[in-house]
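Novice: Sharing work07.txt below, compact mmCIF, N, CA and C atoms:
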# COMPACT_ATOMS: atom_id res chain seq x y z
N MET A 1 -62.45 -172.57 71.17
CA MET A 1 -62.74 -173.47 72.26
C MET A 1 -62.97 -172.61 73.50
N VAL A 2 -64.00 -172.94 74.26
CA VAL A 2 -64.32 -172.19 75.47
C VAL A 2 -64.64 -173.14 76.62
N MET A 3 -64.32 -172.71 77.83
CA MET A 3 -64.67 -173.47 79.03
C MET A 3 -66.16 -173.30 79.30
N LEU A 4 -66.82 -174.37 79.68
CA LEU A 4 -68.23 -174.28 80.03
C LEU A 4 -68.36 -173.74 81.45
N PRO A 5 -69.25 -172.78 81.68
CA PRO A 5 -69.38 -172.16 83.00
C PRO A 5 -70.30 -172.92 83.94
N ASN A 6 -70.68 -174.15 83.64
CA ASN A 6 -71.63 -174.93 84.42
C ASN A 6 -71.05 -175.52 85.70
N PHE A 7 -69.76 -175.40 85.94
CA PHE A 7 -69.11 -176.14 87.02
C PHE A 7 -68.48 -175.20 88.05
N HIS A 8 -68.33 -175.72 89.27
CA HIS A 8 -67.68 -174.96 90.34
C HIS A 8 -66.22 -174.71 90.00
N VAL A 9 -65.70 -173.58 90.44
CA VAL A 9 -64.30 -173.24 90.19
C VAL A 9 -63.48 -173.24 91.49
N GLU A 10 -64.14 -173.49 92.62
CA GLU A 10 -63.47 -173.59 93.90
C GLU A 10 -63.92 -174.88 94.58
N THR A 11 -63.00 -175.44 95.38
CA THR A 11 -63.33 -176.65 96.13
C THR A 11 -62.50 -176.70 97.40
N VAL A 12 -62.84 -177.61 98.28
CA VAL A 12 -62.10 -177.84 99.52
C VAL A 12 -60.93 -178.76 99.20
N VAL A 13 -59.79 -178.52 99.82
CA VAL A 13 -58.63 -179.40 99.65
C VAL A 13 -59.04 -180.82 99.99
N GLY A 14 -58.62 -181.76 99.16
CA GLY A 14 -58.96 -183.16 99.35
C GLY A 14 -60.18 -183.60 98.56
N SER A 15 -60.70 -182.70 97.75
CA SER A 15 -61.86 -183.06 96.93
C SER A 15 -61.56 -182.77 95.45
N HIS A 16 -62.58 -182.91 94.61
CA HIS A 16 -62.40 -182.80 93.17
C HIS A 16 -63.16 -181.63 92.57
N LEU A 17 -62.62 -181.13 91.47
CA LEU A 17 -63.29 -180.16 90.61
C LEU A 17 -63.50 -180.81 89.25
N GLN A 18 -64.57 -180.43 88.57
CA GLN A 18 -64.78 -180.88 87.20
C GLN A 18 -64.74 -179.66 86.29
N ALA A 19 -64.30 -179.87 85.07
CA ALA A 19 -64.27 -178.80 84.07
C ALA A 19 -64.58 -179.42 82.71
N ALA A 20 -65.10 -178.58 81.81
CA ALA A 20 -65.43 -179.07 80.46
C ALA A 20 -65.26 -177.93 79.46
N VAL A 21 -65.01 -178.30 78.22
CA VAL A 21 -64.89 -177.32 77.14
C VAL A 21 -65.87 -177.68 76.03
N THR A 22 -66.16 -176.67 75.21
CA THR A 22 -66.96 -176.85 74.02
C THR A 22 -66.27 -176.10 72.88
N MET A 23 -66.73 -176.32 71.69
CA MET A 23 -66.18 -175.64 70.52
C MET A 23 -67.17 -174.59 70.03
N LYS A 24 -66.63 -173.44 69.71
CA LYS A 24 -67.46 -172.33 69.25
C LYS A 24 -66.80 -171.72 68.01
N ALA A 25 -67.59 -171.52 66.96
CA ALA A 25 -67.07 -170.94 65.72
C ALA A 25 -66.89 -169.43 65.87
N THR A 26 -66.17 -168.82 64.97
CA THR A 26 -65.93 -167.38 65.04
C THR A 26 -67.21 -166.56 64.90
N ASN A 27 -68.26 -167.16 64.32
CA ASN A 27 -69.54 -166.44 64.20
C ASN A 27 -70.40 -166.61 65.45
N GLY A 28 -69.89 -167.31 66.48
CA GLY A 28 -70.61 -167.48 67.74
C GLY A 28 -71.43 -168.75 67.82
N ALA A 29 -71.53 -169.50 66.74
CA ALA A 29 -72.31 -170.73 66.73
C ALA A 29 -71.50 -171.87 67.36
N TYR A 30 -72.19 -172.71 68.11
CA TYR A 30 -71.53 -173.86 68.72
C TYR A 30 -71.53 -175.03 67.75
N PHE A 31 -70.50 -175.87 67.86
CA PHE A 31 -70.45 -177.08 67.06
C PHE A 31 -71.54 -178.01 67.57
N TYR A 32 -72.24 -178.68 66.68
CA TYR A 32 -73.31 -179.58 67.09
C TYR A 32 -72.76 -180.80 67.81
N LYS A 33 -71.74 -181.44 67.27
CA LYS A 33 -71.07 -182.58 67.88
C LYS A 33 -69.58 -182.31 67.85
N CYS A 34 -68.93 -182.43 68.99
CA CYS A 34 -67.49 -182.18 69.00
C CYS A 34 -66.74 -183.15 69.89
N ASP A 35 -67.41 -184.17 70.42
CA ASP A 35 -66.73 -185.10 71.31
C ASP A 35 -65.68 -185.94 70.61
N ALA A 36 -65.65 -185.91 69.27
CA ALA A 36 -64.60 -186.61 68.53
C ALA A 36 -63.23 -185.99 68.80
N PHE A 37 -63.21 -184.72 69.26
CA PHE A 37 -61.96 -184.04 69.58
C PHE A 37 -61.48 -184.33 71.00
N SER A 38 -62.28 -185.02 71.80
CA SER A 38 -62.00 -185.17 73.22
C SER A 38 -60.61 -185.75 73.52
N SER A 39 -60.18 -186.74 72.76
CA SER A 39 -58.88 -187.35 73.04
C SER A 39 -57.71 -186.46 72.62
N LEU A 40 -57.98 -185.43 71.83
CA LEU A 40 -56.92 -184.52 71.38
C LEU A 40 -56.68 -183.37 72.35
N ILE A 41 -57.56 -183.20 73.32
CA ILE A 41 -57.46 -182.06 74.25
C ILE A 41 -56.61 -182.45 75.44
N ASN A 42 -55.60 -181.63 75.71
CA ASN A 42 -54.68 -181.83 76.83
C ASN A 42 -55.07 -180.89 77.96
N TRP A 43 -55.31 -181.44 79.14
CA TRP A 43 -55.66 -180.64 80.31
C TRP A 43 -54.42 -180.47 81.18
N LYS A 44 -54.15 -179.22 81.59
CA LYS A 44 -52.96 -178.97 82.40
C LYS A 44 -53.25 -177.88 83.44
N PRO A 45 -53.22 -178.25 84.72
CA PRO A 45 -53.34 -177.22 85.76
C PRO A 45 -52.00 -176.50 85.91
N GLY A 46 -52.05 -175.23 86.26
CA GLY A 46 -50.85 -174.43 86.39
C GLY A 46 -50.17 -174.56 87.73
N SER A 47 -50.57 -175.54 88.55
CA SER A 47 -50.00 -175.71 89.87
C SER A 47 -49.92 -177.19 90.22
N LEU A 48 -48.93 -177.56 91.02
CA LEU A 48 -48.80 -178.94 91.47
C LEU A 48 -49.84 -179.31 92.52
N SER A 49 -50.59 -178.33 93.02
CA SER A 49 -51.64 -178.60 94.00
C SER A 49 -52.87 -179.24 93.36
N PHE A 50 -52.93 -179.23 92.04
CA PHE A 50 -54.04 -179.84 91.31
C PHE A 50 -53.50 -180.92 90.39
N THR A 51 -54.17 -182.07 90.39
CA THR A 51 -53.77 -183.19 89.56
C THR A 51 -54.94 -183.63 88.70
N VAL A 52 -54.70 -183.79 87.41
CA VAL A 52 -55.72 -184.33 86.52
C VAL A 52 -55.83 -185.81 86.83
N VAL A 53 -56.99 -186.24 87.31
CA VAL A 53 -57.18 -187.64 87.67
C VAL A 53 -58.01 -188.40 86.64
N ASN A 54 -58.69 -187.67 85.79
CA ASN A 54 -59.52 -188.31 84.79
C ASN A 54 -59.81 -187.29 83.70
N ALA A 55 -59.46 -187.60 82.49
CA ALA A 55 -59.73 -186.69 81.38
C ALA A 55 -60.54 -187.42 80.33
N THR A 56 -61.75 -186.98 80.12
CA THR A 56 -62.63 -187.43 79.04
C THR A 56 -63.00 -188.91 79.15
N GLU A 57 -62.79 -189.51 80.29
CA GLU A 57 -63.30 -190.86 80.51
C GLU A 57 -64.60 -190.73 81.29
N LYS A 58 -65.22 -191.84 81.61
CA LYS A 58 -66.50 -191.80 82.31
C LYS A 58 -66.28 -191.27 83.73
N ILE A 59 -66.96 -190.18 84.05
CA ILE A 59 -66.85 -189.55 85.35
C ILE A 59 -68.22 -189.65 86.02
N PRO A 60 -68.31 -190.20 87.25
CA PRO A 60 -69.61 -190.35 87.89
C PRO A 60 -70.42 -189.05 87.97
N PHE A 61 -69.74 -187.92 88.12
CA PHE A 61 -70.44 -186.64 88.20
C PHE A 61 -71.29 -186.40 86.96
N PHE A 62 -70.75 -186.74 85.79
CA PHE A 62 -71.46 -186.49 84.54
C PHE A 62 -72.62 -187.47 84.35
N ASP A 63 -72.58 -188.63 85.02
CA ASP A 63 -73.70 -189.57 84.94
C ASP A 63 -74.94 -189.00 85.62
N ASN A 64 -74.74 -188.10 86.59
CA ASN A 64 -75.86 -187.51 87.31
C ASN A 64 -76.57 -186.44 86.51
N LEU A 65 -75.93 -185.91 85.48
CA LEU A 65 -76.57 -184.90 84.65
C LEU A 65 -77.58 -185.57 83.73
N GLU A 66 -78.66 -184.89 83.45
CA GLU A 66 -79.61 -185.42 82.49
C GLU A 66 -78.91 -185.55 81.14
N THR A 67 -79.36 -186.49 80.33
CA THR A 67 -78.74 -186.74 79.03
C THR A 67 -78.69 -185.47 78.20
N SER A 68 -79.76 -184.69 78.19
CA SER A 68 -79.77 -183.47 77.38
C SER A 68 -78.75 -182.47 77.89
N GLN A 69 -78.56 -182.38 79.21
CA GLN A 69 -77.57 -181.46 79.76
C GLN A 69 -76.16 -181.93 79.45
N ARG A 70 -75.97 -183.25 79.48
CA ARG A 70 -74.63 -183.80 79.29
C ARG A 70 -74.13 -183.55 77.87
N HIS A 71 -75.03 -183.58 76.90
CA HIS A 71 -74.61 -183.46 75.52
C HIS A 71 -74.74 -182.06 74.94
N THR A 72 -75.59 -181.24 75.53
CA THR A 72 -75.73 -179.88 75.04
C THR A 72 -76.31 -179.00 76.14
N SER A 73 -76.05 -177.73 76.07
CA SER A 73 -76.60 -176.77 77.02
C SER A 73 -76.68 -175.44 76.29
N VAL A 74 -77.08 -174.41 77.00
CA VAL A 74 -77.12 -173.08 76.37
C VAL A 74 -75.73 -172.64 75.98
N HIS A 75 -74.72 -173.28 76.56
CA HIS A 75 -73.33 -172.93 76.28
C HIS A 75 -72.68 -173.90 75.30
N GLY A 76 -73.45 -174.76 74.69
CA GLY A 76 -72.91 -175.70 73.72
C GLY A 76 -72.72 -177.09 74.31
N PRO A 77 -72.43 -178.06 73.45
CA PRO A 77 -72.25 -179.45 73.90
C PRO A 77 -70.89 -179.66 74.57
N LEU A 78 -70.81 -180.67 75.43
CA LEU A 78 -69.53 -181.04 76.02
C LEU A 78 -68.65 -181.66 74.95
N CYS A 79 -67.47 -181.13 74.77
CA CYS A 79 -66.52 -181.71 73.82
C CYS A 79 -65.49 -182.56 74.55
N SER A 80 -65.04 -182.07 75.68
CA SER A 80 -64.05 -182.77 76.48
C SER A 80 -64.24 -182.33 77.93
N TRP A 81 -63.94 -183.21 78.87
CA TRP A 81 -64.11 -182.88 80.27
C TRP A 81 -63.01 -183.54 81.07
N THR A 82 -62.85 -183.06 82.30
CA THR A 82 -61.81 -183.59 83.17
C THR A 82 -62.25 -183.48 84.62
N SER A 83 -61.59 -184.22 85.47
CA SER A 83 -61.75 -184.13 86.91
C SER A 83 -60.38 -183.87 87.49
N LEU A 84 -60.29 -182.93 88.42
CA LEU A 84 -59.02 -182.56 89.05
C LEU A 84 -59.09 -182.80 90.55
N TYR A 85 -58.03 -183.34 91.12
CA TYR A 85 -57.93 -183.52 92.56
C TYR A 85 -57.13 -182.37 93.14
N ALA A 86 -57.68 -181.74 94.19
CA ALA A 86 -57.00 -180.63 94.87
C ALA A 86 -56.28 -181.17 96.10
N SER A 87 -54.94 -181.21 96.06
CA SER A 87 -54.16 -181.78 97.16
C SER A 87 -53.71 -180.74 98.17
N GLY A 88 -53.79 -179.46 97.83
CA GLY A 88 -53.38 -178.41 98.74
C GLY A 88 -54.05 -177.09 98.39
N PRO A 89 -54.04 -176.14 99.31
CA PRO A 89 -54.67 -174.84 99.03
C PRO A 89 -53.85 -174.07 97.99
N ASP A 90 -54.53 -173.55 96.99
CA ASP A 90 -53.84 -172.82 95.94
C ASP A 90 -54.86 -172.20 95.00
N ARG A 91 -54.40 -171.23 94.22
CA ARG A 91 -55.17 -170.65 93.11
C ARG A 91 -54.29 -170.73 91.88
N THR A 92 -54.89 -171.11 90.76
CA THR A 92 -54.12 -171.26 89.53
C THR A 92 -55.05 -171.21 88.33
N MET A 93 -54.46 -171.40 87.17
CA MET A 93 -55.23 -171.48 85.94
C MET A 93 -55.23 -172.93 85.46
N LEU A 94 -56.38 -173.37 84.97
CA LEU A 94 -56.50 -174.66 84.32
C LEU A 94 -56.52 -174.39 82.82
N HIS A 95 -55.67 -175.07 82.09
CA HIS A 95 -55.55 -174.85 80.65
C HIS A 95 -56.00 -176.11 79.89
N ALA A 96 -56.80 -175.91 78.87
CA ALA A 96 -57.18 -176.97 77.95
C ALA A 96 -56.63 -176.58 76.58
N THR A 97 -55.90 -177.47 75.95
CA THR A 97 -55.28 -177.16 74.66
C THR A 97 -55.55 -178.29 73.67
N LEU A 98 -56.01 -177.91 72.51
CA LEU A 98 -56.18 -178.85 71.40
C LEU A 98 -55.14 -178.46 70.36
N SER A 99 -54.26 -179.39 70.04
CA SER A 99 -53.21 -179.14 69.06
C SER A 99 -53.24 -180.25 68.02
N LYS A 100 -53.30 -179.88 66.77
CA LYS A 100 -53.41 -180.85 65.69
C LYS A 100 -52.59 -180.38 64.50
N GLU A 101 -51.79 -181.27 63.97
CA GLU A 101 -51.08 -181.00 62.72
C GLU A 101 -52.05 -181.19 61.57
N PRO A 102 -52.15 -180.24 60.64
CA PRO A 102 -53.07 -180.42 59.51
C PRO A 102 -52.60 -181.55 58.60
N GLN A 103 -53.57 -182.21 58.00
CA GLN A 103 -53.26 -183.30 57.05
C GLN A 103 -52.73 -182.71 55.74
N GLN A 104 -52.15 -183.53 54.93
CA GLN A 104 -51.54 -183.07 53.68
C GLN A 104 -52.54 -182.39 52.75
N PHE A 105 -53.80 -182.80 52.79
CA PHE A 105 -54.77 -182.24 51.85
C PHE A 105 -55.33 -180.89 52.31
N TYR A 106 -54.93 -180.38 53.49
CA TYR A 106 -55.32 -179.04 53.93
C TYR A 106 -54.22 -178.05 53.55
N HIS A 107 -54.22 -177.60 52.32
CA HIS A 107 -53.15 -176.72 51.84
C HIS A 107 -53.28 -175.29 52.36
N SER A 108 -54.45 -174.92 52.86
CA SER A 108 -54.64 -173.54 53.33
C SER A 108 -54.03 -173.32 54.71
N PHE A 109 -53.68 -174.39 55.44
CA PHE A 109 -53.09 -174.24 56.76
C PHE A 109 -51.57 -174.33 56.67
N HIS A 110 -50.91 -173.45 57.38
CA HIS A 110 -49.45 -173.46 57.44
C HIS A 110 -49.05 -173.59 58.90
N GLY A 111 -48.73 -174.78 59.34
CA GLY A 111 -48.38 -175.01 60.73
C GLY A 111 -49.53 -175.67 61.48
N PRO A 112 -49.30 -175.97 62.76
CA PRO A 112 -50.31 -176.69 63.55
C PRO A 112 -51.53 -175.82 63.86
N ILE A 113 -52.64 -176.49 64.09
CA ILE A 113 -53.86 -175.84 64.56
C ILE A 113 -53.85 -175.95 66.07
N VAL A 114 -53.95 -174.83 66.77
CA VAL A 114 -53.91 -174.83 68.23
C VAL A 114 -55.09 -174.01 68.75
N LEU A 115 -55.92 -174.65 69.58
CA LEU A 115 -57.03 -173.99 70.24
C LEU A 115 -56.80 -174.08 71.75
N LYS A 116 -57.07 -172.98 72.47
CA LYS A 116 -56.81 -172.96 73.91
C LYS A 116 -57.99 -172.35 74.64
N ALA A 117 -58.18 -172.81 75.87
CA ALA A 117 -59.16 -172.23 76.78
C ALA A 117 -58.58 -172.32 78.18
N SER A 118 -58.88 -171.34 79.02
CA SER A 118 -58.34 -171.31 80.38
C SER A 118 -59.44 -170.94 81.36
N LEU A 119 -59.25 -171.38 82.60
CA LEU A 119 -60.20 -171.13 83.67
C LEU A 119 -59.44 -170.98 84.98
N ARG A 120 -59.78 -169.96 85.76
CA ARG A 120 -59.15 -169.78 87.07
C ARG A 120 -59.85 -170.72 88.05
N ILE A 121 -59.05 -171.54 88.78
CA ILE A 121 -59.58 -172.47 89.77
C ILE A 121 -58.88 -172.25 91.11
N ALA A 122 -59.50 -172.75 92.19
CA ALA A 122 -58.92 -172.56 93.52
C ALA A 122 -59.33 -173.70 94.44
N ALA A 123 -58.48 -173.96 95.42
CA ALA A 123 -58.78 -174.91 96.50
C ALA A 123 -58.45 -174.21 97.81
N TYR A 124 -59.29 -174.44 98.80
CA TYR A 124 -59.09 -173.79 100.09
C TYR A 124 -59.17 -174.85 101.18
N PRO A 125 -58.50 -174.58 102.33
CA PRO A 125 -58.52 -175.57 103.42
C PRO A 125 -59.91 -175.62 104.06
N SER A 126 -60.24 -176.76 104.61
CA SER A 126 -61.50 -176.92 105.32
C SER A 126 -61.29 -176.53 106.77
N TYR A 127 -62.09 -175.61 107.26
CA TYR A 127 -62.02 -175.18 108.64
C TYR A 127 -63.23 -175.69 109.37
N CYS A 128 -62.99 -176.42 110.45
CA CYS A 128 -64.10 -176.94 111.25
C CYS A 128 -64.48 -175.93 112.31
N ALA A 129 -65.77 -175.68 112.45
CA ALA A 129 -66.24 -174.75 113.49
C ALA A 129 -66.23 -175.48 114.83
N THR A 130 -65.64 -174.85 115.84
CA THR A 130 -65.53 -175.47 117.16
C THR A 130 -66.68 -175.05 118.06
N GLY A 131 -67.45 -174.06 117.67
CA GLY A 131 -68.58 -173.62 118.48
C GLY A 131 -68.18 -172.73 119.64
N ARG A 132 -66.96 -172.27 119.65
CA ARG A 132 -66.50 -171.39 120.74
C ARG A 132 -66.72 -169.96 120.41
The structure in this file should be written as structure tokens.

Specialist:
Amino acid sequence: MVMLPNFHVETVVGSHLQAAVTMKATNGAYFYKCDAFSSLINWKPGSLSFTVVNATEKIPFFDNLETSQRHTSVHGPLCSWTSLYASGPDRTMLHATLSKEPQQFYHSFHGPIVLKASLRIAAYPSYCATGR
């Protein structure tokens, strides 16, 4: 699982950041369709200054993307996405984790399947220019 680099990683306090992940095989190939995993991905910012306000639900930002961009890009299709609210200035890591217990018929797996991706994000205060 990898974070898509299509989105801003810094924002002004009081605004939102968007992030998305895709699935990539060990041979470098992207999964053709992976949005079925979206509800299994847990988004967690490493700081209380960022709050997940929407995970994998309809986000107006994604409606503005062309359909082809929304479903696939040079970096693979969107599998899961989130919107974060920045309540204070801070720098931290955003973590996306997919954790799944294998079903009984998967005898080759011993223990849970865990995929992780991380991204450094930041929020900074807005400074108004006074013209002095």

Novice: Counting all atoms listed in the file, figure out which residue out of A:Pro125, A:Ala25, A:Pro45, A:His16 gets nearest to Pro89 of chain A.

Specialist: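 Using all atoms listed in the file, Pro89 of chain A sits closest to A:Pro125.
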
Novice: For Leu115 of chain A, which residue among A:Val9, A:Met1, A:Cys34, A:Leu94 is the nearest when counting only N, CA and C atoms?

Specialist: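 Comparing A:Val9, A:Met1, A:Cys34, A:Leu94 against Leu115 of chain A, the winner is A:Met1.
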
Novice: Using all atoms listed in the file for the distances, tell me which of A:His110, A:Leu78, A:Lys116, A:Val52 is nearest to Lys33 of chain A.

Specialist: A:Leu78

Novice: May I ask which of the residues A:Gly111, A:Gly28, A:Gly76, A:Gly46 is the closest one to Arg91 of chain A, counting only C-alpha atoms?

Specialist: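 Result for the nearest residue to Arg91 of chain A: A:Gly46.
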
Novice: One number please: atom CA of Ser49 of chain A to atom CA of Pro77 of chain A, in Å, one decimal.

Specialist: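 Distance reported for this atom pair: 28.8 Å.
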
Novice: Choose the residue, out of A:Ser47, A:Ser99, A:Asn54, A:Ser38, that has the smallest atom-to-atom separation from Ile121 of chain A; count only C-alpha atoms.

Specialist: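 That would be A:Ser47, the residue with the smallest distance to Ile121 of chain A.
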
Novice: Within 12 Å of (-56.4, -178.6, 97.7) (coordinates as in the file), grab all the protein and nucleic acid residues, counting only C-alpha atoms, and write them out as number ranges by chain.

Specialist: A: 10-17, 47-51, 84-92, 121-126

Novice: What does the structure give for the distance between atom C of Tyr32 of chain A and atom C of Ala117 of chain A, in Å to one decimal?

Specialist: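 Pair atom C of Tyr32 of chain A / atom C of Ala117 of chain A returns 19.5 Å.
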
Novice: Taking only C-alpha atoms into account, name the residue in A:Asn42, A:Thr97, A:Asn6, A:Ser118 that is nearest to Gln18 of chain A.

Specialist: A:Asn6

Novice: So what do you get for atom N of Val21 of chain A versus atom N of Ala96 of chain A, distance-wise?

Specialist: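 Pair atom N of Val21 of chain A / atom N of Ala96 of chain A returns 8.6 Å.
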